[in-house]
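Here's the structure, in C-alpha cells; my notes come after.
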Amino acid sequence: MSVSAVRQRQWLLALLVFACGLVMVSFWLRHSAQQEEAKSRALAADLAADHAQSLQRGIERALSATYAIAALVHQGRGFVNDFNGVATQMLPFYPGIAAIGLSPGGVICCVVPRAGNENSIGFNQLEDIVQNKEARRARDTRKLTLAGPVQLAQGGLGVVGRLPIYLGQGDDTQVFWGFSYVTLRFPQALESARLEMLRDRGYAYELWRKNPETGERQRIEAWKPEALRDPVGRDLELPNGAWTLSLAPTRGWVQRSGLMLEGLVGAAFSALLAYLAWLLYAMRLRDLELEALVAQRTSEILAAQRHLQATISAIPDLMFEVDLDGRYYSTHSPREELLARPSKELLGRTVHDVMPQAQADRVLQALQEAHVKGWSMGAQICLPLEIGERWFELSVARKASATGEGPRFVVISRDVTDNKLAEEKVLQLAHFDALTGLPNRSLLADRCQQALGAAQRHGQCVALLFLDLDHFKNINDALGHRVGDALLCAVAQRLSGLLREQDTIARLGGDEFILVLPDTDAVGAAHVAEKLLRAADQPFDIDAHELVITPSMGIAMYPQDGKDFDTLSRCADAAMYIAKQGGRNHYRFFTAEMQADSDRSLLLENALRRALERNQLYLHYQPQVCVASGAIVGAEALLRWEHPELGRVSPAEFIPVAESSGMILPMGDWVLQTATRQLREWMDQGYALTMAVNVSLVQFRQADFPQRIGQILQDAGLPPHCLELELTEGVAMTDPALAIDTMDRLHQQGVLLSIDDFGTGYSSLNHLKKFKVYKLKIDQSFVRDIADDPDDRGIVSAIISMAQGMDMRTIAEGVETAEQLAFLQDHGCMEVQGYLFGRPMAARDFGALLQAGPLTMPVTA
C-alpha cells in the first residue's frame, strides 16, 4: 500500500472519531440542560416553601392576638377594662400588626394605636360594601376570617383578621357580641416573608390569591412578574382562603452560558479523541517497523542470559524464583544443608509446604511488599534445620513478567545467624542485668517513661517501689559472694512471679531493686508491698543453707511525688531509708498523708474481712416517691457498717476498699439476697414496689453476673421486674461492648436497669441509646441548687427532656425542699427521693411508712 493511501486512511479514521464525539456531546448537552433545570426548579420550590412558611407563621401569629382580646371580652362578659393599656402592651409581642381593636355589633369602638387610625372609629364592618361579605361570613361561621387585601378605612392597603365573639346567656344560648380584629397593613405585614431576599438572589416573584367571591386572581405583592415563566409556587393556608407565592429566576431556568461552555469543551474533547486516533494509527505503523528489529535483538538477549547465568553461579547466597503464593520455580544453592528441603523437592511446592506457619507467613509478607513496591529488604526468618536453627535475611525483587504470566520474584536468602547471635548478646548486655536477667537501669528508665506517658494521657497513677534487702552484706561476708549471687537470683525470681505482666522489676546493682507499677494507686501499691513482705518471709534454700532475708521498701507515687523517673526514684529511695530507720522489714510512702491513708485502708480491709460473718453489715432503705400521686413506688437499698471499735464507717470510705480487695463480690451478693428477701416480705403484705440496688464495676464485669442475679431472684421468689440494678456512668462506659452484652442478658430476664448519678460522669449518647436502660437518676449535686442556680436548672431540665425523648423514666435524688420538688414537678420528673420524704431507715420503719399510705406532696406558694 502506498504512503498516500495510508495517510488517507489515517485522516478518514480521525474524521469519523470526531463526528461520533460531536453526536455524543449533543446528547450530553440535552441531558445536562434537563438536569440543571430540574435542580433549579427544586431549589426554587424549596425557597418558595421557606418564604411561604415564614409568611404564614407571621400572619398566624398576628391573628392569634384576636383570641387574646376575645378572651378579655369573655372574661369581662362584654366589657374590657383599660383596653388601650392592655392592647398597647400586647402590640410589641405581635410584629406585623398595624392596629388591634374591638367592634361590638360590627362597629369599631376602640383601636390601638389611636394615632393614624382615627378614621376607623365608628366604621361599621357589617355594612361596608367592601368588607361586609367577609365580616358577615365570620359572624355566621363563628370562625376567624382573613379579609383582603382591601382598602383600609384608615388609608392604605392591607388585610383584616376578624374573630366573632359570642357571649352566653342564662339559658345556655350564645348571642353575637361583635368582633375582635387586627389590621395588617402592607407592606409591613409581609416583612416576615423576607421577600427582598428573593430579589437579592435573582428571583422574580408574585404573591397572589383568588378572590373567594369572584374567583379572580388578586395580586398582593410582586417583583418583576413579567419574568415569571413557568414558575413554581407554594400555597399558604390561611383562614377563609389560601395565598400562593410563585417565583422563577429572572435569568431563566437554564444558564445558556454554561451549556455553551460544555459544548465547547465537548467539541475540544472530540477533536482530542480524533487526534489520538490519528496518533494511534501512526504508532501502529511505527510498531510494524519495530517488529523488524525484534529478531535482531533476540540473539543479543540469549547472549545476555548466558552471561547472567554465569553471574548467578558466582553468588554464595541462596537464590530462588517464586510466585506471589510462594511457589518455587527454580533454586540456586551453593550449600544444600541450608535448605529446608533438598532442591529437587522444593520445585512445585510452596513455602507453606516446607516451612513452619509463622516463617512462611513472613516470606509471603515480603513477597507482597515487593509486589507493591518492586522490592523488599530486611525481612528475617529463623528456620529449624538439621544443623540447628539458622537465621536468614531476605532480599526480594519483582521480575518483569511476560504477558499472561503471574508475578514472579527473585529471592536472595543470606545466612545471618552469626550476626543475629552477636546482636542478641549485645542487646542482652545493654538492657538486662547479667546476674539476674532482670532489666537494668537503662531499660527500667525507658519502661518507666512509657508508663508515665500513658498515665499522663489517661489520668492514671503510677507507683514506684525502691526495695533494698536488709543486712545482705552479712550473707556475702559469712557465706561468700557465690551464695549471695544465688540468693539475689532466687529473690528476683520470686518477686517477678508476684507481679502483673505490665509491671516491671529491675536490679540496679548490689541488693537494690526498683519496681514500676502502672495504673496503681496508693492502696494498690500498699497491697503489692504487703505481698512482697509475705513472700520474703518464706526461706530460700541456697546450697544447703536455709536463708531468710527481709526487704525494706520505699514507695513514691506519680504524679504527687514527681513527674519523671529520676524524681520518683529519689523520693522512693528516701522513703526506703525511713522504712529502715523504722525497724526494717516494712514499707513507707514518701508522704505522711499517703502513709496515713494506706494504714487506714489496711485497717479497714482487715476489719471488713470479718464484717459479714460477725453481722456488722446491715441495710437501710430510702423511699422512692411518685411525683404525681405521692405513693411510695420503690425503695433503694443502702449498705451500712457498724464496727464495735471504729464506729459507723461511711460507705464512701469502705466501698472502695471492698472493691480493691475483691470483698465487694460476697458483700454484693449478700446485699442482693437481703434486699430481695425484704422486698418479697413487703410484697406478701400487699405492697407493689421495686427494689433498687447499686452494682459496682467489679460485680458487673463478672462473666456469670446475669446468672447470679437470676439465681438470687429465684431463691427469693421475686419477679425479675421488681428488681432495679443501678449502674453508674463509669460502670457502663468502662467497656461499652461488654456493658451492652451484659445489659441485654439482664433485660432478657426482665430485670430493670437504671443509670445512677447521671450527669456526673461521661456518657456517649451513641452508647446510651443502645443500653437497655429504663430510668435515669439525676444526681443530687444538680438538684441541690436548682432553686437558685440557673446552670443546675438548665442541666436538670435537659436531662429530663433527653430522657423523655429516649422514652426513659427519670428520678431525682437528694430532694430536700418544696421548691426543689416544685421545679421537678413543673418539668416532668416522674419520681423523687430525699430527706423531704424520708431518710434511709431500717426495714421496720420503712414498713411503718408503707402502712401510713401515700405521702402528702408539699405545695409551694
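Following the order of the C-alpha cells, first chain is A, next is B, and so on, with residues numbered from 1 inside each chain and ligands from 1 in the order they appear.
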
Inset, instruction - Apply DSSP to the backbone of this structure and, from stretch 171-398 of chain A, keep only the residues in alpha helix (DSSP H); write these as a PyMOL selection string. - result: chain A and resi 196-200+256-313+343-346+351-354+357-373

Inset, instruction - From stretch 330-527 of chain A, collect each residue whose DSSP state is strand (DSSP E) and return the set as number ranges by chain. - result: A: 330-332, 375-385, 388-398, 408-415, 462-469, 504-509, 512-518

Legend entry - All residues 9 Å or closer to A:Ala70, only C-alpha atoms, same chain fewer than 2 positions away omitted, as JSON, numbers by chain: {"A": [65, 66, 67, 68, 72, 73, 74, 75, 102, 163, 164, 165, 179, 180]}

Now that the selection is made, can you save its residues with N, CA and C atoms as a PDB file, in the first residue's frame?
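Written output follows (part-v2.pdb):
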```pdb
ATOM      1  N   ALA A  65     -53.587  37.265  68.094  1.00  0.00           N
ATOM      2  CA  ALA A  65     -53.906  38.330  69.046  1.00  0.00           C
ATOM      3  C   ALA A  65     -55.412  38.491  69.206  1.00  0.00           C
ATOM      4  N   THR A  66     -56.186  38.143  68.170  1.00  0.00           N
ATOM      5  CA  THR A  66     -57.651  38.281  68.287  1.00  0.00           C
ATOM      6  C   THR A  66     -58.202  37.370  69.367  1.00  0.00           C
ATOM      7  N   TYR A  67     -57.569  36.199  69.548  1.00  0.00           N
ATOM      8  CA  TYR A  67     -58.055  35.282  70.584  1.00  0.00           C
ATOM      9  C   TYR A  67     -57.784  35.851  71.973  1.00  0.00           C
ATOM     10  N   ALA A  68     -56.610  36.515  72.139  1.00  0.00           N
ATOM     11  CA  ALA A  68     -56.307  37.099  73.443  1.00  0.00           C
ATOM     12  C   ALA A  68     -57.315  38.201  73.785  1.00  0.00           C
ATOM     13  N   LEU A  72     -60.408  38.485  76.782  1.00  0.00           N
ATOM     14  CA  LEU A  72     -60.686  39.590  77.709  1.00  0.00           C
ATOM     15  C   LEU A  72     -62.170  39.947  77.659  1.00  0.00           C
ATOM     16  N   VAL A  73     -62.772  39.907  76.469  1.00  0.00           N
ATOM     17  CA  VAL A  73     -64.206  40.229  76.352  1.00  0.00           C
ATOM     18  C   VAL A  73     -65.030  39.183  77.097  1.00  0.00           C
ATOM     19  N   HIS A  74     -64.687  37.900  76.901  1.00  0.00           N
ATOM     20  CA  HIS A  74     -65.406  36.849  77.605  1.00  0.00           C
ATOM     21  C   HIS A  74     -65.248  36.998  79.114  1.00  0.00           C
ATOM     22  N   GLN A  75     -64.015  37.329  79.543  1.00  0.00           N
ATOM     23  CA  GLN A  75     -63.773  37.454  80.979  1.00  0.00           C
ATOM     24  C   GLN A  75     -64.595  38.595  81.564  1.00  0.00           C
ATOM     25  N   LEU A 102     -61.635  46.486  68.818  1.00  0.00           N
ATOM     26  CA  LEU A 102     -62.894  45.796  69.099  1.00  0.00           C
ATOM     27  C   LEU A 102     -64.004  46.508  68.313  1.00  0.00           C
ATOM     28  N   LEU A 163     -62.330  37.918  64.443  1.00  0.00           N
ATOM     29  CA  LEU A 163     -62.763  36.766  65.221  1.00  0.00           C
ATOM     30  C   LEU A 163     -64.116  37.110  65.838  1.00  0.00           C
ATOM     31  N   PRO A 164     -65.198  36.433  65.455  1.00  0.00           N
ATOM     32  CA  PRO A 164     -66.512  36.719  66.035  1.00  0.00           C
ATOM     33  C   PRO A 164     -66.542  36.288  67.493  1.00  0.00           C
ATOM     34  N   ILE A 165     -67.216  37.108  68.328  1.00  0.00           N
ATOM     35  CA  ILE A 165     -67.309  36.830  69.761  1.00  0.00           C
ATOM     36  C   ILE A 165     -68.778  36.594  70.081  1.00  0.00           C
ATOM     37  N   PHE A 179     -66.841  41.768  67.103  1.00  0.00           N
ATOM     38  CA  PHE A 179     -65.584  41.200  66.628  1.00  0.00           C
ATOM     39  C   PHE A 179     -64.420  41.725  67.477  1.00  0.00           C
ATOM     40  N   SER A 180     -63.418  40.872  67.629  1.00  0.00           N
ATOM     41  CA  SER A 180     -62.071  41.360  67.933  1.00  0.00           C
ATOM     42  C   SER A 180     -61.296  41.239  66.635  1.00  0.00           C
TER      43      SER A 180
END
```

Using only C-alpha atoms, tabulate the residues of stretch 418-464 of chain A lying at most 6 Å from any atom of stretch 509-527 of chain A, each with its closest atom pair and that distance in Å to one decimal, by chain and increasing residue number, as a Markdown table.
```
| residue | atom | partner | partner_atom | distance |
| --- | --- | --- | --- | --- |
| A:Ala451 | CA | A:Pro518 | CA | 5.8 |
| A:Gln460 | CA | A:Asp519 | CA | 5.5 |
| A:Cys461 | CA | A:Asp519 | CA | 5.2 |
| A:Val462 | CA | A:Pro518 | CA | 4.7 |
| A:Ala463 | CA | A:Leu517 | CA | 5.1 |
| A:Leu464 | CA | A:Val516 | CA | 4.7 |
```

Legend entry - For stretch 787-793 of chain A: contacts at 12 Å, only C-alpha atoms, fewer than 5 positions along chain excluded, given as a ChimeraX atom specification: /A:759,778-782,798-800,815-824,826-827

Could you write out the selected residues, including N, CA, C and O atoms, as a CSV table (one decimal), in the first residue's frame?
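In the end it all went to result-v8.csv:
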```csv
chain,number,residue,atom,x,y,z
A,759,GLY,N,-25.1,12.4,84.7
A,759,GLY,CA,-24.6,13.8,84.5
A,759,GLY,C,-23.3,14.1,85.2
A,759,GLY,O,-22.6,15.1,84.8
A,778,ILE,N,-31.1,11.5,88.4
A,778,ILE,CA,-30.5,12.8,88.4
A,778,ILE,C,-29.7,13.0,89.7
A,778,ILE,O,-30.2,12.9,90.7
A,779,ASP,N,-28.4,13.2,89.6
A,779,ASP,CA,-27.5,13.3,90.7
A,779,ASP,C,-27.9,14.5,91.6
A,779,ASP,O,-28.3,15.6,91.2
A,780,GLN,N,-27.8,14.3,93.0
A,780,GLN,CA,-28.2,15.3,93.9
A,780,GLN,C,-27.4,16.6,93.8
A,780,GLN,O,-27.8,17.6,94.3
A,781,SER,N,-26.2,16.5,93.3
A,781,SER,CA,-25.4,17.7,93.1
A,781,SER,C,-26.0,18.7,92.2
A,781,SER,O,-25.8,19.9,92.4
A,782,PHE,N,-26.9,18.3,91.3
A,782,PHE,CA,-27.6,19.2,90.4
A,782,PHE,C,-28.9,19.6,91.1
A,782,PHE,O,-29.4,20.7,90.8
A,798,ALA,N,-32.6,19.6,81.0
A,798,ALA,CA,-32.1,19.0,79.8
A,798,ALA,C,-32.1,17.5,79.9
A,798,ALA,O,-32.4,16.7,79.0
A,799,ILE,N,-31.7,17.0,81.1
A,799,ILE,CA,-31.7,15.5,81.4
A,799,ILE,C,-33.1,15.0,81.3
A,799,ILE,O,-33.4,13.9,80.7
A,800,ILE,N,-34.1,15.7,81.9
A,800,ILE,CA,-35.5,15.2,81.8
A,800,ILE,C,-36.0,15.2,80.4
A,800,ILE,O,-36.6,14.2,79.9
A,815,VAL,N,-33.7,15.3,97.1
A,815,VAL,CA,-34.8,16.3,97.2
A,815,VAL,C,-35.0,16.7,98.6
A,815,VAL,O,-35.5,15.8,99.4
A,816,GLU,N,-34.8,17.9,99.0
A,816,GLU,CA,-34.9,18.3,100.4
A,816,GLU,C,-35.9,19.4,100.7
A,816,GLU,O,-36.3,19.7,101.8
A,817,THR,N,-36.3,20.2,99.7
A,817,THR,CA,-37.1,21.3,99.9
A,817,THR,C,-38.3,21.3,98.9
A,817,THR,O,-38.3,20.6,97.9
A,818,ALA,N,-39.4,22.0,99.3
A,818,ALA,CA,-40.6,22.1,98.4
A,818,ALA,C,-40.3,22.8,97.1
A,818,ALA,O,-40.9,22.5,96.1
A,819,GLU,N,-39.4,23.8,97.2
A,819,GLU,CA,-39.0,24.5,95.9
A,819,GLU,C,-38.4,23.6,94.9
A,819,GLU,O,-38.6,23.6,93.7
A,820,GLN,N,-37.5,22.7,95.4
A,820,GLN,CA,-36.9,21.7,94.5
A,820,GLN,C,-37.9,20.8,93.9
A,820,GLN,O,-37.9,20.5,92.7
A,821,LEU,N,-38.9,20.3,94.7
A,821,LEU,CA,-39.9,19.4,94.3
A,821,LEU,C,-40.8,20.1,93.2
A,821,LEU,O,-41.2,19.5,92.2
A,822,ALA,N,-41.1,21.4,93.5
A,822,ALA,CA,-42.0,22.2,92.5
A,822,ALA,C,-41.3,22.3,91.2
A,822,ALA,O,-42.0,22.1,90.1
A,823,PHE,N,-40.0,22.6,91.1
A,823,PHE,CA,-39.3,22.6,89.9
A,823,PHE,C,-39.4,21.3,89.1
A,823,PHE,O,-39.6,21.2,87.9
A,824,LEU,N,-39.1,20.2,89.9
A,824,LEU,CA,-39.1,18.9,89.2
A,824,LEU,C,-40.5,18.5,88.7
A,824,LEU,O,-40.7,17.9,87.7
A,826,ASP,N,-42.8,20.7,87.7
A,826,ASP,CA,-43.1,21.5,86.5
A,826,ASP,C,-42.4,21.0,85.3
A,826,ASP,O,-43.0,21.2,84.2
A,827,HIS,N,-41.3,20.4,85.4
A,827,HIS,CA,-40.5,19.9,84.3
A,827,HIS,C,-40.7,18.5,83.9
A,827,HIS,O,-40.0,17.9,83.1
```

Return as a tab-separated table the residues of stretch 435-540 of chain A lying at most 9 Å from stretch 564-573 of chain A, together with the closest atom-to-atom pair for each and the distance in Å to one decimal, counting only C-alpha atoms, with rows in chain order and ascending residue number.
```
residue	atom	partner	partner_atom	distance
A:Ala445	CA	A:Phe565	CA	6.5
A:Cys448	CA	A:Phe565	CA	6.5
A:Gln449	CA	A:Phe565	CA	6.8
A:Leu452	CA	A:Asp564	CA	7.4
A:Ala463	CA	A:Leu568	CA	8.8
A:Leu464	CA	A:Leu568	CA	6.8
A:Leu465	CA	A:Ala572	CA	6.2
A:Phe466	CA	A:Ala572	CA	5.4
A:Leu467	CA	A:Asp573	CA	8.3
A:Ile514	CA	A:Ser569	CA	8.2
```

Inset, instruction - For A:Asp669, please output as a ChimeraX atom specification all residues within 12 Å (counting only C-alpha atoms; exclusion window: fewer than 2 positions along the same chain). - result: /A:612,639,663-667,671-676,693-696,698-700,705,708-713

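One finds atom CA of A:Ser413 at 9.8 Å from atom CA of A:Leu338.
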